[in-house]
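First up is the structure itself, then whatever we jot down about it.
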Amino acid sequence: MHVACLRNRSKRATRSVDMLLNRIKLVLMNEYMMIPVDKIGQRYSELRIIDPRAEKAMQRSMQFYGQMTPVVVCQTQKDPEMIDGFKRLRAAIKLNFTQLSARIFPGRIRAAKAAMIQLNIKARTISELETAMVIRSLHREDGLTQVEIAALLARHKSWVCRRLALVEQLSEEIIEHLKLGLITMTIGRELARLPRGNQPGALQTILKYHFDSRETSRLIALLLREPRWNHDALLRFPEPILEDRHPDPPSRTKEPSIFSKLIKLELWMKATSHRQLDHVSIPERNRMLSVMDRIETIFDGIRKQLGCL
């Protein structure tokens with residue numbers, strides 16, 4: 001009985017995959033049609049991540065050469081919904097295109113979402129996280145089990161499970177920043193190493209100090225290693241990471257602004273630890289205090305001058 005059930009499930013899975021692949025082949029063979037840009041829906045754009053560089057490259061390409069490849073849409077009860085070609089659509093809107101060439105995908109919503117993966121996976125134009133978001137949408141919104149999703153995508157259940165776990169490990173705030181292109185995929189993967197509740201605080205520090213992927217990796221490693229009561233201080237001012245930063249070389253064409261100089265001075269002063277001050281000799285301490293008094297007088301004058309402007 002159990003063997004017969006498995007065979008029937010395998011046959012249904014094979015039929016689902018064959019139907020999806022046949023629909024994709026039909027899309028690629030179909031003649032394209034022209035659709036007004038303002039009639040194309042972007043409901044499923046939330047399942048894709050905006051890459052600012054790729055967006056600019058697509059806009060430049062369409063500006064000089066026009067649309068070279070048709071987009072793919074699925075027909076709904078209202079307007080057609082985009083399932084492949086979001087960068088082309090956004091570029092068309094910015095360039096004031098009135099219509100785009102499109103091919104119609106002959107399937108329902110579940111098959112259309114699966115096609116978002118299948119149409120991009122060979123060309124590697126869909127990231128692992130984007131694939132995970134499509135899978136989560138099929139699981140949560142369309143009610144498919146992991147086994148059914150695996151059958152629909154012609155993948156093993158463990159493949160589906162791993163990608164579902166990836167997106168479930170990220171907080172909604174992190175996912176939104178990824179979708180908008182405010183942080184990179186590499187930073188998103190690093191943040192996924194933290195518990196979901198700790199991710200927003202780490203994200204704020206990364207954005208505040210403009211951490212790159214290497215600095216983000218160091219921050220996450222410190223948070224995982226340090227006891228929890230040290231986390232607030234570390235996130236407020238991640239001294240071990242900032243003290244390794246090298247000041248930018250002076251520009252030959254433009255003098256750094258007063259504001260940028262003040263910020264660097266602030267970072268340097270904050271990076272000065274109490275241990276370093278403990279080893280300062282008494283004569284050197286007196287000289288430092290004298291200089292600090294002069295600096296304080298200068299700052300008072302600057303503050304008064306700024307207040308009068």
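Ordered as shown in the structure tokens, chains take letters A, B, and onward, while each chain numbers its residues from 1 and ligands are numbered from 1 in the order shown.
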field: Residues of range 133-203 of chain A in helix (DSSP H, G or I), written as a PyMOL selection string
entry: chain A and resi 133-140+146-153+157-168+172-179+185-191+196-203
For the residues in that selection, give me C-alpha atoms as a PDB file, in the first residue's frame.
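Everything below was put into out.pdb:
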ATOM      1  CA  MET A 133      11.279  33.982  -1.194  1.00  0.00           C
ATOM      2  CA  VAL A 134       9.364  32.408  -4.093  1.00  0.00           C
ATOM      3  CA  ILE A 135       9.361  29.073  -2.260  1.00  0.00           C
ATOM      4  CA  ARG A 136       8.122  30.735   0.937  1.00  0.00           C
ATOM      5  CA  SER A 137       5.335  32.423  -1.035  1.00  0.00           C
ATOM      6  CA  LEU A 138       4.270  29.069  -2.512  1.00  0.00           C
ATOM      7  CA  HIS A 139       4.353  27.547   0.969  1.00  0.00           C
ATOM      8  CA  ARG A 140       2.645  30.327   2.951  1.00  0.00           C
ATOM      9  CA  GLN A 146       7.497  21.230   0.795  1.00  0.00           C
ATOM     10  CA  VAL A 147       6.987  17.921  -1.025  1.00  0.00           C
ATOM     11  CA  GLU A 148       4.566  19.544  -3.494  1.00  0.00           C
ATOM     12  CA  ILE A 149       6.938  22.470  -4.094  1.00  0.00           C
ATOM     13  CA  ALA A 150       9.815  20.060  -4.676  1.00  0.00           C
ATOM     14  CA  ALA A 151       7.680  18.179  -7.203  1.00  0.00           C
ATOM     15  CA  LEU A 152       6.649  21.397  -8.953  1.00  0.00           C
ATOM     16  CA  LEU A 153      10.283  22.529  -9.289  1.00  0.00           C
ATOM     17  CA  LYS A 157      12.608  18.066  -0.715  1.00  0.00           C
ATOM     18  CA  SER A 158      15.902  18.830   1.104  1.00  0.00           C
ATOM     19  CA  TRP A 159      16.705  21.484  -1.554  1.00  0.00           C
ATOM     20  CA  VAL A 160      13.380  23.181  -0.832  1.00  0.00           C
ATOM     21  CA  CYS A 161      13.844  22.815   2.933  1.00  0.00           C
ATOM     22  CA  ARG A 162      17.298  24.490   2.899  1.00  0.00           C
ATOM     23  CA  ARG A 163      16.072  27.506   0.964  1.00  0.00           C
ATOM     24  CA  LEU A 164      12.978  27.851   3.083  1.00  0.00           C
ATOM     25  CA  ALA A 165      15.179  27.788   6.192  1.00  0.00           C
ATOM     26  CA  LEU A 166      17.393  30.540   4.730  1.00  0.00           C
ATOM     27  CA  VAL A 167      14.562  33.047   4.370  1.00  0.00           C
ATOM     28  CA  GLU A 168      12.932  32.012   7.657  1.00  0.00           C
ATOM     29  CA  GLU A 172      11.305  40.983   7.878  1.00  0.00           C
ATOM     30  CA  GLU A 173      13.319  44.215   8.254  1.00  0.00           C
ATOM     31  CA  ILE A 174      16.407  42.562   6.772  1.00  0.00           C
ATOM     32  CA  ILE A 175      14.391  41.101   3.901  1.00  0.00           C
ATOM     33  CA  GLU A 176      12.911  44.530   3.098  1.00  0.00           C
ATOM     34  CA  HIS A 177      16.381  46.108   3.023  1.00  0.00           C
ATOM     35  CA  LEU A 178      17.544  43.329   0.683  1.00  0.00           C
ATOM     36  CA  LYS A 179      14.560  43.807  -1.628  1.00  0.00           C
ATOM     37  CA  MET A 185      23.263  39.601  -0.346  1.00  0.00           C
ATOM     38  CA  THR A 186      26.592  38.932   1.388  1.00  0.00           C
ATOM     39  CA  ILE A 187      25.616  41.168   4.309  1.00  0.00           C
ATOM     40  CA  GLY A 188      22.216  39.470   4.425  1.00  0.00           C
ATOM     41  CA  ARG A 189      23.848  36.040   4.741  1.00  0.00           C
ATOM     42  CA  GLU A 190      26.066  37.315   7.552  1.00  0.00           C
ATOM     43  CA  LEU A 191      23.065  38.716   9.437  1.00  0.00           C
ATOM     44  CA  ARG A 196      16.169  37.056  14.313  1.00  0.00           C
ATOM     45  CA  GLY A 197      15.638  39.338  17.326  1.00  0.00           C
ATOM     46  CA  ASN A 198      19.270  40.526  17.262  1.00  0.00           C
ATOM     47  CA  GLN A 199      19.396  41.257  13.531  1.00  0.00           C
ATOM     48  CA  PRO A 200      17.741  44.746  13.473  1.00  0.00           C
ATOM     49  CA  GLY A 201      20.240  46.155  16.011  1.00  0.00           C
ATOM     50  CA  ALA A 202      23.192  44.818  14.027  1.00  0.00           C
ATOM     51  CA  LEU A 203      21.650  46.193  10.821  1.00  0.00           C
TER      52      LEU A 203
END
- request: Find the residues around Glu239 in chain A up to 12 Å (only C-alpha atoms counted), leave out those fewer than 6 positions away in its own chain, and share them as a PyMOL selection string.
  value: chain A and resi 205+209+215+218-219+222+233+245+267-273
Can you write just those residues out, N, CA and C atoms, as a PDB file, in the first residue's frame?
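Okay, out.pdb is ready:
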ATOM      1  N   THR A 205      23.703  49.300  13.091  1.00  0.00           N
ATOM      2  CA  THR A 205      25.134  49.600  13.220  1.00  0.00           C
ATOM      3  C   THR A 205      25.821  49.530  11.861  1.00  0.00           C
ATOM      4  N   TYR A 209      27.580  52.999  10.274  1.00  0.00           N
ATOM      5  CA  TYR A 209      29.016  53.129  10.025  1.00  0.00           C
ATOM      6  C   TYR A 209      29.415  52.689   8.617  1.00  0.00           C
ATOM      7  N   GLU A 215      33.776  43.975   7.134  1.00  0.00           N
ATOM      8  CA  GLU A 215      33.531  44.551   8.457  1.00  0.00           C
ATOM      9  C   GLU A 215      32.260  43.961   9.089  1.00  0.00           C
ATOM     10  N   ARG A 218      33.098  40.653  10.604  1.00  0.00           N
ATOM     11  CA  ARG A 218      33.789  40.828  11.891  1.00  0.00           C
ATOM     12  C   ARG A 218      32.815  41.190  13.000  1.00  0.00           C
ATOM     13  N   LEU A 219      31.847  42.077  12.675  1.00  0.00           N
ATOM     14  CA  LEU A 219      30.858  42.476  13.673  1.00  0.00           C
ATOM     15  C   LEU A 219      30.030  41.277  14.133  1.00  0.00           C
ATOM     16  N   LEU A 222      32.046  39.029  16.367  1.00  0.00           N
ATOM     17  CA  LEU A 222      32.184  39.603  17.711  1.00  0.00           C
ATOM     18  C   LEU A 222      30.908  39.410  18.530  1.00  0.00           C
ATOM     19  N   ALA A 233      26.953  47.971  23.980  1.00  0.00           N
ATOM     20  CA  ALA A 233      28.124  48.850  23.845  1.00  0.00           C
ATOM     21  C   ALA A 233      28.827  48.607  22.510  1.00  0.00           C
ATOM     22  N   ARG A 245      40.221  50.947  10.660  1.00  0.00           N
ATOM     23  CA  ARG A 245      39.975  51.685   9.424  1.00  0.00           C
ATOM     24  C   ARG A 245      41.106  52.662   9.156  1.00  0.00           C
ATOM     25  N   LEU A 267      35.993  60.017  15.716  1.00  0.00           N
ATOM     26  CA  LEU A 267      36.276  58.583  15.713  1.00  0.00           C
ATOM     27  C   LEU A 267      37.612  58.285  16.380  1.00  0.00           C
ATOM     28  N   TRP A 268      38.624  59.129  16.097  1.00  0.00           N
ATOM     29  CA  TRP A 268      39.949  58.906  16.686  1.00  0.00           C
ATOM     30  C   TRP A 268      39.901  59.058  18.204  1.00  0.00           C
ATOM     31  N   MET A 269      39.168  60.076  18.665  1.00  0.00           N
ATOM     32  CA  MET A 269      39.087  60.312  20.112  1.00  0.00           C
ATOM     33  C   MET A 269      38.329  59.189  20.813  1.00  0.00           C
ATOM     34  N   LYS A 270      37.245  58.695  20.155  1.00  0.00           N
ATOM     35  CA  LYS A 270      36.501  57.589  20.753  1.00  0.00           C
ATOM     36  C   LYS A 270      37.312  56.301  20.770  1.00  0.00           C
ATOM     37  N   ALA A 271      38.176  56.149  19.776  1.00  0.00           N
ATOM     38  CA  ALA A 271      38.984  54.933  19.694  1.00  0.00           C
ATOM     39  C   ALA A 271      40.118  54.917  20.719  1.00  0.00           C
ATOM     40  N   THR A 272      40.406  56.071  21.333  1.00  0.00           N
ATOM     41  CA  THR A 272      41.454  56.134  22.357  1.00  0.00           C
ATOM     42  C   THR A 272      40.950  55.449  23.626  1.00  0.00           C
ATOM     43  N   SER A 273      41.551  54.324  23.971  1.00  0.00           N
ATOM     44  CA  SER A 273      41.066  53.526  25.094  1.00  0.00           C
ATOM     45  C   SER A 273      41.629  54.033  26.423  1.00  0.00           C
TER      46      SER A 273
END
message: Need the shell around range 289-292 of chain A: protein/DNA/RNA residues with any atom at most 12 Å away, counting only C-alpha atoms. Skip same-chain ones fewer than 6 positions apart. Format as a PyMOL selection string?
response: chain A and resi 269+280+282-283+298-299
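Remark: for Val72 in chain A, the closest of the candidate residues A:Gln305, A:Gln42, A:Thr98, A:Thr184 is A:Gln42 (distances computed over only C-alpha atoms).
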task: Give me the residues within 12 Å of Arg60 in chain A as a PyMOL selection string, counting only C-alpha atoms and dropping any in the same chain fewer than 6 places off.
output: chain A and resi 53-54+66-67+87-88+91-92+94-95
Would you mind exporting the chosen residues as a short mmCIF file (atom, residue, chain, number, x, y, z; two decimals), in the first residue's frame, restricted to C-alpha atoms?
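Now in result25.cif:
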data_model
loop_
_atom_site.label_atom_id
_atom_site.label_comp_id
_atom_site.auth_asym_id
_atom_site.auth_seq_id
_atom_site.Cartn_x
_atom_site.Cartn_y
_atom_site.Cartn_z
CA ARG A 53 24.04 48.33 -10.48
CA ALA A 54 21.99 45.92 -12.56
CA GLY A 66 15.70 49.63 -26.80
CA GLN A 67 14.03 46.45 -25.53
CA LYS A 87 14.31 45.38 -14.42
CA ARG A 88 13.11 45.99 -17.98
CA ALA A 91 13.74 50.92 -16.83
CA ALA A 92 10.84 51.40 -19.27
CA LYS A 94 11.97 55.70 -16.06
CA LEU A 95 12.59 56.11 -19.80
#
Coordinates-based distance that separates CA of Leu277 in chain A from CA of Lys261 in chain A (Å, one decimal): 23.1 Å
